[in-house]
$ cat upload33.txt   # compact mmCIF, C-alpha atoms and all ligand atoms
# COMPACT_ATOMS: atom_id res chain seq x y z
CA MET A 220 0.00 0.00 0.00
CA LYS A 221 1.37 3.43 -0.91
CA ILE A 222 0.72 6.10 1.65
CA PRO A 223 2.31 9.49 2.20
CA LEU A 224 4.93 9.62 4.94
CA PRO A 225 3.20 12.09 7.26
CA GLN A 226 0.42 9.52 7.79
CA LEU A 227 3.00 7.22 9.34
CA SER A 228 3.31 9.33 12.44
CA PHE A 229 0.78 7.15 14.24
CA ALA A 230 3.13 4.23 13.94
CA PHE A 231 6.25 6.18 14.88
CA ALA A 232 5.50 8.35 17.83
CA GLY A 233 8.01 11.15 17.98
CA ALA A 234 9.50 10.44 14.58
CA PRO A 235 10.10 13.51 12.45
CA GLY A 236 9.12 13.75 8.79
CA PRO A 237 10.84 12.33 5.75
CA ALA A 238 14.59 12.30 5.57
CA PRO A 239 16.48 14.20 2.90
CA GLY A 240 16.64 12.14 -0.27
CA ALA A 241 13.52 10.14 0.56
CA THR A 242 10.65 10.01 -1.86
CA ASP A 243 7.33 11.44 -0.73
CA GLY A 244 5.70 8.05 -0.23
CA ALA A 245 6.30 4.95 1.79
CA VAL A 246 5.17 1.36 1.73
CA LEU A 247 3.67 0.34 5.02
CA ASP A 248 3.79 -3.27 6.12
CA GLU A 249 0.81 -3.10 8.45
CA ALA A 250 1.30 -6.57 9.90
CA ASN A 251 4.74 -5.61 11.18
CA ALA A 252 4.13 -1.87 11.62
CA THR A 253 7.17 -1.20 9.50
CA ALA A 254 7.48 1.55 6.92
CA TYR A 255 9.70 1.11 3.88
CA VAL A 256 10.79 4.43 2.49
CA GLU A 257 12.32 4.42 -0.98
CA MET A 258 15.16 6.82 -1.47
CA THR A 259 17.72 7.46 -4.17
CA CYS A 260 21.46 7.40 -3.63
CA ARG A 261 24.18 9.13 -5.60
CA SER A 262 26.77 6.46 -4.73
CA ILE A 263 26.52 2.95 -3.31
CA LEU A 264 30.19 1.97 -3.15
CA ASN A 265 31.61 3.59 -0.04
CA TRP A 266 35.34 3.54 0.44
CA SER A 267 36.19 2.26 3.90
CA GLN A 268 38.55 4.65 5.62
CA GLY A 269 38.46 3.03 9.03
CA THR A 270 41.37 1.21 10.55
CA ARG A 271 39.50 -2.11 10.67
CA MET A 272 38.42 -2.54 7.07
CA ARG A 273 41.03 -1.47 4.58
CA ASP A 274 41.11 -1.53 0.86
CA VAL A 275 37.46 -2.35 0.51
CA PHE A 276 34.28 -0.74 -0.72
CA THR A 277 31.29 -1.25 1.54
CA VAL A 278 27.76 -1.66 0.20
CA ASN A 279 24.57 -1.36 2.27
CA PRO A 280 21.36 -1.59 0.23
CA TYR A 281 19.13 -0.68 3.21
CA ARG A 282 19.35 1.85 5.97
CA GLY A 283 17.85 0.66 9.24
CA CYS A 284 17.25 -3.00 10.02
CA GLU A 285 14.06 -4.73 10.97
CA PHE A 286 15.86 -7.52 12.84
CA GLY A 287 16.26 -5.00 15.65
CA CYS A 288 19.22 -6.37 17.59
CA ALA A 289 19.52 -4.51 20.88
CA TYR A 290 23.28 -4.20 20.48
CA CYS A 291 23.30 -3.02 16.85
CA TYR A 292 26.11 -0.55 16.26
CA ALA A 293 24.53 0.83 13.06
CA ARG A 294 21.79 2.68 14.95
CA TYR A 295 23.83 5.86 14.65
CA THR A 296 23.10 5.95 10.91
CA HIS A 297 19.46 6.87 11.61
CA GLU A 298 20.59 9.71 13.85
CA PHE A 299 22.15 11.26 10.74
CA LEU A 300 18.60 11.30 9.35
CA GLU A 301 17.32 12.99 12.51
CA LEU A 302 15.50 9.82 13.48
CA ALA A 303 16.90 9.44 16.96
CA HIS A 304 14.34 7.15 18.61
CA TRP A 305 15.74 3.63 18.72
CA GLU A 306 12.56 2.15 17.27
CA ASP A 307 12.86 4.24 14.10
CA PHE A 308 15.94 2.24 13.18
CA GLU A 309 13.89 -0.97 13.28
CA ARG A 310 10.56 0.33 11.94
CA ARG A 311 11.44 2.88 9.31
CA ILE A 312 13.62 1.20 6.73
CA PHE A 313 15.14 3.25 3.94
CA VAL A 314 15.44 1.38 0.67
CA LYS A 315 18.13 2.56 -1.76
CA SER A 316 15.96 1.77 -4.71
CA ASN A 317 18.37 2.90 -7.45
CA ALA A 318 21.39 1.18 -5.85
CA PRO A 319 21.70 -1.63 -8.47
CA GLU A 320 21.87 0.88 -11.34
CA VAL A 321 24.27 3.13 -9.43
CA MET A 322 26.45 0.11 -8.66
CA ARG A 323 26.61 -0.93 -12.33
CA ARG A 324 27.73 2.58 -13.20
CA GLU A 325 30.31 2.69 -10.41
CA LEU A 326 31.77 -0.70 -11.32
CA LYS A 327 32.92 0.83 -14.61
CA ARG A 328 35.25 3.20 -12.75
CA LYS A 329 38.91 2.23 -13.02
CA ASP A 330 39.61 2.92 -9.35
CA VAL A 331 36.93 0.45 -8.21
CA LEU A 332 38.12 -2.78 -9.78
CA GLY A 333 41.06 -4.28 -7.93
CA HIS A 334 39.51 -3.65 -4.52
CA GLY A 335 37.24 -5.76 -2.39
CA ILE A 336 33.52 -5.25 -1.95
CA ALA A 337 31.93 -5.97 1.44
CA ILE A 338 28.13 -6.17 1.41
CA GLY A 339 26.15 -5.72 4.61
CA THR A 340 28.81 -4.07 6.74
CA ALA A 341 26.26 -1.85 8.50
CA THR A 342 22.81 -3.39 8.02
CA ASP A 343 21.58 -6.80 6.97
CA PRO A 344 21.29 -7.07 3.17
CA TYR A 345 18.78 -9.94 3.49
CA GLN A 346 16.54 -8.35 6.11
CA PRO A 347 12.77 -8.67 5.43
CA ALA A 348 12.74 -5.63 3.10
CA GLU A 349 14.83 -7.64 0.62
CA ARG A 350 11.96 -10.07 0.06
CA ARG A 351 9.88 -7.14 -1.20
CA PHE A 352 12.46 -4.96 -2.96
CA GLY A 353 15.22 -7.34 -4.11
CA ILE A 354 17.90 -4.65 -4.07
CA THR A 355 20.64 -6.97 -2.80
CA ARG A 356 19.87 -9.57 -5.44
CA ARG A 357 20.08 -7.02 -8.22
CA ILE A 358 23.34 -5.65 -6.84
CA LEU A 359 24.80 -9.18 -6.84
CA GLU A 360 23.60 -9.74 -10.41
CA GLY A 361 25.53 -6.63 -11.40
CA LEU A 362 28.74 -8.33 -10.28
CA LEU A 363 28.23 -11.38 -12.50
CA PRO A 364 29.91 -9.94 -15.63
CA TYR A 365 33.15 -9.32 -13.71
CA ARG A 366 35.85 -11.61 -12.38
CA ASP A 367 38.18 -11.84 -9.38
CA ILE A 368 36.67 -9.19 -7.15
CA PRO A 369 37.06 -10.23 -3.49
CA ILE A 370 33.47 -10.11 -2.25
CA SER A 371 32.19 -10.67 1.26
CA LEU A 372 28.60 -10.67 2.43
CA ILE A 373 27.30 -10.79 6.00
CA SER A 374 23.80 -11.79 7.04
CA LYS A 375 21.70 -13.37 9.76
CA SER A 376 18.84 -14.08 7.41
CA GLY A 377 17.46 -17.32 6.04
CA LEU A 378 16.27 -15.37 3.01
CA ILE A 379 19.79 -15.70 1.61
CA GLU A 380 18.75 -19.22 0.55
CA ARG A 381 16.64 -17.64 -2.18
CA ASP A 382 19.91 -16.60 -3.88
CA VAL A 383 21.96 -19.77 -3.41
CA GLU A 384 22.30 -20.34 -7.16
CA LEU A 385 23.26 -16.74 -7.82
CA LEU A 386 25.83 -16.80 -5.02
CA ALA A 387 27.23 -20.11 -6.31
CA SER A 388 27.60 -18.54 -9.77
CA LEU A 389 29.39 -15.56 -8.25
CA ALA A 390 31.65 -17.90 -6.27
CA ARG A 391 32.82 -19.47 -9.55
CA ARG A 392 33.89 -16.04 -10.83
CA HIS A 393 35.06 -14.24 -7.69
CA PRO A 394 36.68 -15.02 -4.34
CA LEU A 395 33.36 -14.84 -2.46
CA ARG A 396 32.89 -15.39 1.24
CA VAL A 397 29.52 -15.44 2.96
CA LEU A 398 29.59 -14.84 6.70
CA THR A 399 26.69 -16.02 8.82
CA SER A 400 26.24 -13.78 11.83
CA CYS A 401 25.36 -15.63 15.01
CA ILE A 402 26.46 -14.96 18.59
CA SER A 403 24.86 -17.87 20.43
CA LEU A 404 22.85 -21.07 20.09
CA ASP A 405 20.63 -19.98 23.00
CA ARG A 406 17.25 -19.36 21.38
CA ASP A 407 15.76 -17.63 24.42
CA LEU A 408 18.64 -15.22 24.71
CA LEU A 409 18.53 -14.41 21.01
CA ARG A 410 14.75 -14.00 21.00
CA ALA A 411 15.18 -11.29 23.64
CA LEU A 412 18.26 -9.72 22.06
CA GLU A 413 17.53 -9.92 18.33
CA ARG A 414 13.78 -9.45 18.33
CA ARG A 415 12.96 -10.25 14.72
CA ALA A 416 16.02 -12.15 13.53
CA PRO A 417 15.75 -15.83 12.55
CA VAL A 418 16.53 -18.50 15.13
CA PRO A 419 20.11 -19.82 14.96
CA GLU A 420 19.11 -23.12 13.36
CA ARG A 421 17.53 -21.26 10.44
CA ARG A 422 20.82 -19.43 9.83
CA PHE A 423 22.85 -22.63 9.95
CA ARG A 424 20.49 -24.40 7.54
CA ALA A 425 21.13 -21.58 5.08
CA MET A 426 24.86 -21.96 5.65
CA GLU A 427 24.58 -25.67 4.91
CA ARG A 428 22.91 -25.00 1.58
CA LEU A 429 25.42 -22.35 0.59
CA SER A 430 28.33 -24.53 1.56
CA ALA A 431 26.90 -27.51 -0.35
CA ALA A 432 26.58 -25.24 -3.40
CA GLY A 433 30.30 -24.46 -3.28
CA VAL A 434 30.22 -21.07 -1.55
CA THR A 435 32.95 -20.42 1.02
CA CYS A 436 31.17 -19.88 4.32
CA GLY A 437 32.27 -18.54 7.67
CA LEU A 438 30.83 -17.58 11.02
CA ILE A 439 30.99 -14.13 12.52
CA VAL A 440 30.56 -14.08 16.29
CA ALA A 441 30.03 -10.43 16.97
CA PRO A 442 29.39 -9.00 19.34
CA ILE A 443 30.62 -11.26 22.10
CA LEU A 444 28.72 -10.03 25.16
CA PRO A 445 30.65 -9.80 28.44
CA GLY A 446 29.22 -12.15 31.05
CA LEU A 447 26.61 -13.54 28.64
CA THR A 448 28.26 -15.19 25.66
CA ASP A 449 31.99 -15.04 26.39
CA GLY A 450 32.52 -18.46 28.01
CA VAL A 451 34.71 -21.06 26.32
CA ASP A 452 31.98 -23.72 26.41
CA HIS A 453 29.40 -21.33 24.98
CA LEU A 454 31.72 -20.32 22.15
CA THR A 455 32.76 -23.89 21.48
CA ALA A 456 29.16 -25.06 21.02
CA LEU A 457 28.54 -22.26 18.54
CA LEU A 458 31.73 -22.92 16.59
CA VAL A 459 31.09 -26.66 16.49
CA ARG A 460 27.63 -26.05 14.96
CA ALA A 461 29.14 -23.68 12.41
CA LYS A 462 31.79 -26.21 11.51
CA GLN A 463 29.11 -28.88 11.01
CA ALA A 464 27.21 -26.49 8.74
CA GLY A 465 30.25 -25.95 6.54
CA ALA A 466 32.06 -22.93 7.98
CA SER A 467 35.71 -22.90 7.06
CA PHE A 468 36.68 -19.83 9.08
CA ALA A 469 35.35 -17.66 11.89
CA HIS A 470 35.71 -14.09 13.08
CA SER A 471 34.77 -12.54 16.37
CA ASN A 472 34.67 -9.27 18.20
CA VAL A 473 33.75 -8.02 21.64
CA LEU A 474 30.78 -5.69 22.06
CA PHE A 475 31.34 -2.19 20.74
CA LEU A 476 28.88 0.39 22.06
CA ARG A 477 28.53 3.85 20.58
CA SER A 478 26.26 6.28 22.38
CA SER A 479 23.40 5.59 19.94
CA ALA A 480 23.64 1.84 20.67
CA LYS A 481 23.88 2.46 24.42
CA LYS A 482 20.47 4.15 24.32
CA ARG A 483 18.92 0.86 23.28
CA PHE A 484 21.27 -1.66 24.87
CA PHE A 485 21.35 -0.38 28.46
CA PRO A 486 17.55 -0.42 28.90
CA TRP A 487 17.59 -3.91 27.39
CA LEU A 488 20.24 -4.96 29.89
CA ARG A 489 18.35 -3.47 32.83
CA GLU A 490 15.30 -5.46 31.85
CA ASN A 491 16.89 -8.73 30.79
CA ALA A 492 20.17 -9.06 32.71
CA PRO A 493 20.03 -6.56 35.58
CA TRP A 494 22.91 -8.25 37.41
CA LEU A 495 25.22 -7.09 34.60
CA HIS A 496 24.03 -3.49 34.40
CA GLU A 497 26.61 -2.11 36.79
CA ARG A 498 29.44 -4.05 35.20
CA TYR A 499 28.64 -2.78 31.71
CA GLY A 500 28.12 0.74 33.04
CA ALA A 501 31.66 0.72 34.46
CA ALA A 502 33.21 -0.98 31.41
CA TYR A 503 31.65 1.33 28.83
CA ALA A 504 31.48 4.51 30.92
CA LYS A 505 34.29 6.24 29.08
CA GLY A 506 33.97 4.90 25.59
CA ALA A 507 32.77 2.31 23.15
CA TYR A 508 35.20 -0.50 24.00
CA GLU A 509 35.77 -2.92 26.86
CA SER A 510 39.22 -2.86 28.51
CA ASP A 511 42.32 -4.22 26.79
CA ASP A 512 42.67 -6.88 29.50
CA TYR A 513 39.13 -8.13 28.99
CA ARG A 514 39.49 -8.24 25.22
CA ALA A 515 42.75 -10.19 25.56
CA GLN A 516 40.96 -12.67 27.82
CA VAL A 517 38.19 -13.12 25.25
CA ARG A 518 40.75 -13.67 22.49
CA ARG A 519 42.15 -16.55 24.57
CA HIS A 520 38.64 -17.97 25.04
CA VAL A 521 37.97 -17.76 21.31
CA ALA A 522 41.32 -19.37 20.46
CA GLU A 523 40.56 -22.28 22.77
CA ALA A 524 37.03 -22.67 21.40
CA MET A 525 38.31 -22.51 17.81
CA ALA A 526 40.84 -25.24 18.54
CA ARG A 527 38.23 -27.41 20.25
CA ALA A 528 35.85 -26.99 17.31
CA GLY A 529 38.55 -27.92 14.82
CA PHE A 530 39.18 -24.60 13.11
CA ASP A 531 42.78 -24.41 12.08
CA GLU A 532 43.19 -20.63 12.01
CA GLY A 533 43.44 -18.45 15.08
CA PRO A 534 40.83 -15.94 16.19
CA ARG A 535 40.46 -12.92 13.94
CA ARG A 536 38.64 -9.68 14.26
CA PHE A 537 36.50 -8.46 11.47
CA GLY A 538 35.50 -5.06 10.16
CA ASN A 539 32.90 -2.49 11.12
CA ARG A 540 29.97 -4.90 11.01
CA GLY A 541 32.07 -7.33 12.99
CA GLU A 542 31.57 -5.11 15.95
CA ALA A 543 27.89 -5.61 16.04
CA ALA A 544 26.22 -7.75 13.48
S1 LIG B 1 23.07 -6.21 14.16
FE1 LIG B 1 22.79 -6.68 11.99
S2 LIG B 1 20.95 -7.93 11.89
FE2 LIG B 1 20.96 -6.91 13.90
S3 LIG B 1 19.78 -5.04 13.65
FE3 LIG B 1 21.93 -4.50 13.27
S4 LIG B 1 22.20 -4.74 11.07
FE4 LIG B 1 20.31 -5.80 11.61

$ encode --input "upload33.txt" --output "structure tokens"
Amino acid sequence: MKIPLPQLSFAFAGAPGPAPGATDGAVLDEANATAYVEMTCRSILNWSQGTRMRDVFTVNPYRGCEFGCAYCYARYTHEFLELAHWEDFERRIFVKSNAPEVMRRELKRKDVLGHGIAIGTATDPYQPAERRFGITRRILEGLLPYRDIPISLISKSGLIERDVELLASLARRHPLRVLTSCISLDRDLLRALERRAPVPERRFRAMERLSAAGVTCGLIVAPILPGLTDGVDHLTALLVRAKQAGASFAHSNVLFLRSSAKKRFFPWLRENAPWLHERYGAAYAKGAYESDDYRAQVRRHVAEAMARAGFDEGPRRFGNRGEAA
């Protein structure tokens, strides 16, 4: 259903009007109270200038993410749109509707080829909006005529199974790696933490299909949550399941909390794990990272869990999305 954005205010108390670049209409998914706002972008390949992801262009077909993970680091991107309420990030999804055409144009630039492309570094490229808009699929199709571009794609979604054949075709032409994002096998914990994301088993079934189709698959365990998911046994169980599903590598990272993510995560913590509230408050009082000592301890836990699960490479950190997705 097409309705003008101002009518959405009933569903988004406190949300301001349309963001710059948005069209004047939105598609409202009434069952989920989610608004999809189509917008145009001038560029879709963003050069990563951070210290964690080098020499790579990042691609994010959607802004906002309906999966709504309490820890999601990408919430700050909605603040740029003056949508500061945490629920806006999960309920008002911006769809970069011209991204596939922009991508095809940008791939012709000489400075683009020769670098990697990382898809889904901020928000999930196979979140529910993809079922309706298919932007990620069309972006991937645009890469088919090329060869030897290192491509990575991160997702929690089972919808990725829809594109198994396309991803297998890409894997025959490019070094392609698909990373399944999962921080725990504990369904109850994830149901509370990642409100609308698929259960872990759904993600691993998708990994099994991708792996069987010849796609290189890995697990990304990020964020590791202090006191909740950082134990060796917990990590081992997760890594063993990933290995069974066909993962050949794994990355991990400890929770990274910007101020925009703290606004959502701390209330979640108070409600769901009050015994940890003080600990997190002290650990993240001055910044976005846990202490060096704690992170070193977690690296040891991950190394032990990796060895137990039969992964032959040591623990590695991943890029921006690795901090939260
Ligand atoms: S962490 Fe990933 S899957 Fe979860 S809300 Fe953020 S972008 Fe979506």

$ atom_distance --input "upload33.txt" --atom1 "CA of Arg356 (chain A)" --atom2 "CA of Lys462 (chain A)"
26.6 Å

$ closest_residue --input "upload33.txt" --among "A:Leu408, A:Ile373, A:Leu488, A:Val459" --to "ligand LIG 1 (chain B)" --atoms "all atoms listed in the file"
A:Ile373

$ axis_aligned_box --input "upload33.txt" --around "ligand LIG 1 (chain B)" --padding-each-side "6 Å" --output "JSON"
{"center_x": 21.4, "center_y": -6.2, "center_z": 12.6, "size_x": 15.3, "size_y": 15.4, "size_z": 15.1}

$ residues_near_ligand --input "upload33.txt" --ligand "ligand LIG 1 (chain B)" --cutoff "9 Å" --atoms "all atoms listed in the file" --output "number ranges by chain"
A: 282-294, 308-309, 339-346, 373-376, 400, 413-416, 441-442, 540, 542-544

$ closest_residue --input "upload33.txt" --among "A:Glu384, A:Gly529, A:Asn491, A:Ile443" --to "Glu509 (chain A)" --atoms "only C-alpha atoms"
A:Ile443

$ residues_around --input "upload33.txt" --residues "region 454-456 of chain A" --least-positions-apart "6" --cutoff "10 Å" --atoms "all atoms listed in the file" --output "MDAnalysis selection string"
chainID A and resid 402:404 440 443 448 462 520:529

$ closest_residue --input "upload33.txt" --among "A:Leu362, A:Ala411, A:Leu476, A:Val275" --to "Ala492 (chain A)" --atoms "all atoms listed in the file"
A:Ala411

$ residues_around --input "upload33.txt" --residues "Phe352 (chain A)" --least-positions-apart "3" --cutoff "12 Å" --atoms "only C-alpha atoms" --output "list of chain:residue names"
A:Val246, A:Tyr255, A:Val256, A:Glu257, A:Pro280, A:Tyr281, A:Ile312, A:Phe313, A:Val314, A:Lys315, A:Ser316, A:Asn317, A:Ala318, A:Pro319, A:Pro344, A:Tyr345, A:Gln346, A:Pro347, A:Ala348, A:Glu349, A:Thr355, A:Arg356, A:Arg357, A:Ile358

$ closest_residue --input "upload33.txt" --among "A:Pro493, A:Gly361, A:Gly335, A:Gly433" --to "Val383 (chain A)" --atoms "all atoms listed in the file"
A:Gly433

$ atom_distance --input "upload33.txt" --atom1 "CA of Leu398 (chain A)" --atom2 "CA of Gly437 (chain A)"
4.7 Å

$ closest_residue --input "upload33.txt" --among "A:Arg422, A:Arg514, A:Lys481, A:Arg381" --to "Tyr499 (chain A)" --atoms "only C-alpha atoms"
A:Lys481

$ build_atoms --input "upload33.txt" --residues "region 364-388 of chain A" --atoms "N, CA and C atoms" --output "compact mmCIF listing (two decimals), in the coordinates of the input"
# COMPACT_ATOMS: atom_id res chain seq x y z
N PRO A 364 29.06 -10.06 -14.43
CA PRO A 364 29.91 -9.94 -15.63
C PRO A 364 31.40 -9.79 -15.31
N TYR A 365 31.75 -9.58 -14.06
CA TYR A 365 33.15 -9.32 -13.71
C TYR A 365 33.80 -10.59 -13.18
N ARG A 366 35.10 -10.48 -12.95
CA ARG A 366 35.85 -11.61 -12.38
C ARG A 366 36.81 -11.12 -11.30
N ASP A 367 37.09 -12.01 -10.35
CA ASP A 367 38.18 -11.84 -9.38
C ASP A 367 38.06 -10.62 -8.48
N ILE A 368 36.85 -10.23 -8.16
CA ILE A 368 36.67 -9.19 -7.15
C ILE A 368 36.47 -9.90 -5.80
N PRO A 369 37.32 -9.62 -4.80
CA PRO A 369 37.06 -10.23 -3.49
C PRO A 369 35.76 -9.67 -2.90
N ILE A 370 34.79 -10.55 -2.74
CA ILE A 370 33.47 -10.11 -2.25
C ILE A 370 33.19 -10.81 -0.93
N SER A 371 32.69 -10.05 0.03
CA SER A 371 32.19 -10.67 1.26
C SER A 371 30.78 -10.18 1.51
N LEU A 372 30.00 -11.01 2.16
CA LEU A 372 28.60 -10.67 2.43
C LEU A 372 28.26 -11.22 3.81
N ILE A 373 27.63 -10.39 4.63
CA ILE A 373 27.30 -10.79 6.00
C ILE A 373 25.79 -10.75 6.18
N SER A 374 25.25 -11.80 6.80
CA SER A 374 23.80 -11.79 7.04
C SER A 374 23.43 -12.75 8.17
N LYS A 375 22.32 -12.44 8.80
CA LYS A 375 21.70 -13.37 9.76
C LYS A 375 20.50 -14.07 9.15
N SER A 376 20.15 -13.74 7.94
CA SER A 376 18.84 -14.08 7.41
C SER A 376 18.80 -15.41 6.66
N GLY A 377 17.69 -16.11 6.83
CA GLY A 377 17.46 -17.32 6.04
C GLY A 377 17.08 -17.00 4.61
N LEU A 378 16.67 -15.76 4.36
CA LEU A 378 16.27 -15.37 3.01
C LEU A 378 17.42 -15.51 2.01
N ILE A 379 18.63 -15.55 2.50
CA ILE A 379 19.79 -15.70 1.61
C ILE A 379 19.67 -17.00 0.79
N GLU A 380 18.93 -17.97 1.31
CA GLU A 380 18.75 -19.22 0.55
C GLU A 380 18.10 -18.99 -0.81
N ARG A 381 17.28 -17.96 -0.90
CA ARG A 381 16.64 -17.64 -2.18
C ARG A 381 17.69 -17.45 -3.27
N ASP A 382 18.88 -16.96 -2.89
CA ASP A 382 19.91 -16.60 -3.88
C ASP A 382 21.07 -17.58 -3.91
N VAL A 383 20.85 -18.80 -3.46
CA VAL A 383 21.96 -19.77 -3.41
C VAL A 383 22.58 -19.95 -4.80
N GLU A 384 21.74 -20.09 -5.81
CA GLU A 384 22.30 -20.34 -7.16
C GLU A 384 23.08 -19.14 -7.66
N LEU A 385 22.56 -17.96 -7.42
CA LEU A 385 23.26 -16.74 -7.82
C LEU A 385 24.61 -16.63 -7.09
N LEU A 386 24.59 -16.89 -5.80
CA LEU A 386 25.83 -16.80 -5.02
C LEU A 386 26.83 -17.86 -5.47
N ALA A 387 26.32 -19.06 -5.81
CA ALA A 387 27.23 -20.11 -6.31
C ALA A 387 27.85 -19.68 -7.64
N SER A 388 27.05 -19.02 -8.50
CA SER A 388 27.60 -18.54 -9.77
C SER A 388 28.67 -17.47 -9.52
